[in-house]
Structure formats: structure tokens, C-alpha cells
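Written below as C-alpha cells is the structure these notes are about.
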Amino acid sequence: MIRASLCRTVSGRAPLGQSRLIHDLLWAHATPAEGLEHIRPRPTENGLDLFLFVRAHCNASALEQMRTLLTRLNTEIAVHGYTVADF
């Protein structure tokens, strides 16, 4: 499991359903090579935590696979008012 934190880049609370939208965005763009098996988005005071369950040989591989996915989706995530803050 990898936890990634997304921070809001716009002021105010996230619109209702925003975590579901990010969830669906990740699924739409994940490749089989990234090994994504399950996503649990959790709204936070400053954004969104993503708990990403990943099929990988080790923790380092899982982290790299999710870093690849989130980096590739950086522009799409930004359009919805978030930036990747931490892994």
C-alpha cells in the first residue's frame, strides 16, 4: 500500500464528489504494468489522501509504479484543483 497526498491548489472546500472523480481518473489511466489493484481516496482538510494498493515485488517497486502513474496524470490532477504533495 502506498499513500499519496494531494493538496488543493484552489481555495475553499473541494466540490462534493471530487474524491470519486480523482478515483475514476486514476483507474482510467492506470496501465497493467503499474499493478494498481485498489484505491481508497480520503478527503483531508487540505486536499485528498490516496491509499493505493499495488501489486509489486517490493515496496520500492510499488512506490515507483505509483510515482509513474501520478506523474503522468499531473496535468489532469491539476485541472481538478490538486497537486501531488507527498508519497
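In the C-alpha cells, chains take letters A, B, ... by order of appearance, with residues numbered from 1 within each chain and ligands from 1 in the order shown.
Near His38 of chain A, within 8 Å and counting only C-alpha atoms, sit Leu52, Phe53 and Val54 of chain A; same-chain residues fewer than 4 positions away were not included.
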Export of prior selection with N, CA and C atoms as a PDB file, in the first residue's frame:
ATOM      1  N   LEU A  52      -3.260   3.666  -2.137  1.00  0.00           N
ATOM      2  CA  LEU A  52      -3.141   2.927  -3.388  1.00  0.00           C
ATOM      3  C   LEU A  52      -2.601   1.527  -3.093  1.00  0.00           C
ATOM      4  N   PHE A  53      -3.402   0.532  -3.382  1.00  0.00           N
ATOM      5  CA  PHE A  53      -2.990  -0.852  -3.172  1.00  0.00           C
ATOM      6  C   PHE A  53      -2.423  -1.351  -4.493  1.00  0.00           C
ATOM      7  N   VAL A  54      -1.171  -1.815  -4.439  1.00  0.00           N
ATOM      8  CA  VAL A  54      -0.402  -2.071  -5.641  1.00  0.00           C
ATOM      9  C   VAL A  54       0.198  -3.475  -5.620  1.00  0.00           C
TER      10      VAL A  54
END
Might you pull out every residue within 12 Å of Gln18 of chain A, with only C-alpha atoms counted and same-chain residues fewer than 3 positions away left off, and present them as a ChimeraX atom specification?
-> /A:6,8,13-15,21-25,41-44,47-48,77,79-82
Among the residues of chain A, find those DSSP assigns to alpha helix (DSSP H) from the backbone and print them as a VMD selection string.
-> chain A and resid 18 to 29 59 to 72 74 to 79
Name the residues in contact with segment 63-67 of chain A at a cut-off of 7 Å, using only C-alpha atoms, excluding same-chain residues fewer than 3 positions from it; report them as a PyMOL selection string.
-> chain A and resi 2+34+59-60+70-71
Using only C-alpha atoms, the shortest atom-to-atom distance to Ala56 of chain A among A:Arg40, A:Ala85, A:Ala78, A:Met1 belongs to A:Met1
Any idea what's packed within 7 Å of Ser5 of chain A, counting only C-alpha atoms, ignoring anything in its chain fewer than 5 positions away? Could you give it as a ChimeraX atom specification?
-> /A:48-50,84-87
Let's have the selection written as a PDB file, in the first residue's frame, with C-alpha atoms.
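The resulting file, part_36.pdb, is reproduced below:
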ATOM      1  CA  LEU A  48      -7.058  14.302  -0.532  1.00  0.00           C
ATOM      2  CA  ASP A  49      -5.135  11.247   0.648  1.00  0.00           C
ATOM      3  CA  LEU A  50      -4.990   8.348  -1.768  1.00  0.00           C
ATOM      4  CA  VAL A  84       0.751  15.751  -5.662  1.00  0.00           C
ATOM      5  CA  ALA A  85       2.305  16.774  -2.356  1.00  0.00           C
ATOM      6  CA  ASP A  86       3.825  13.665  -0.844  1.00  0.00           C
ATOM      7  CA  PHE A  87       4.306   9.905  -1.035  1.00  0.00           C
TER       8      PHE A  87
END
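Restricting the calculation to only C-alpha atoms, the smallest distance between Ser61 of chain A and any of A:Leu73, A:Cys7, A:Leu36, A:Ala28 is found for A:Leu36.
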Top pick for closest residue to Ser19 of chain A, considering A:Leu69, A:Pro32, A:His57, A:Ile39 and counting only C-alpha atoms = A:Ile39
Name the residues of chain A that come out as strand (DSSP E) in a backbone DSSP run; write them as a PyMOL selection string.
-> chain A and resi 2-8+36-43+47-54+82-86
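Atom CA of Glu45 of chain A sits 26.3 Å away from atom CA of His29 of chain A.
Distances to Thr68 of chain A were evaluated for A:Thr83, A:Trp27, A:Ala33, A:Arg20 using only C-alpha atoms, and the minimum falls at A:Ala33.
Coordinates place atom CA of Phe51 of chain A at a distance of 17.1 Å from atom CA of Asn74 of chain A.
Between atom CA of Thr31 of chain A and atom CA of Leu16 of chain A there is a distance of 27.3 Å.
Counting only C-alpha atoms, the residue from A:Gly35, A:Leu26, A:Gly17, A:Ala4 that sits nearest to Cys58 of chain A is A:Gly35.
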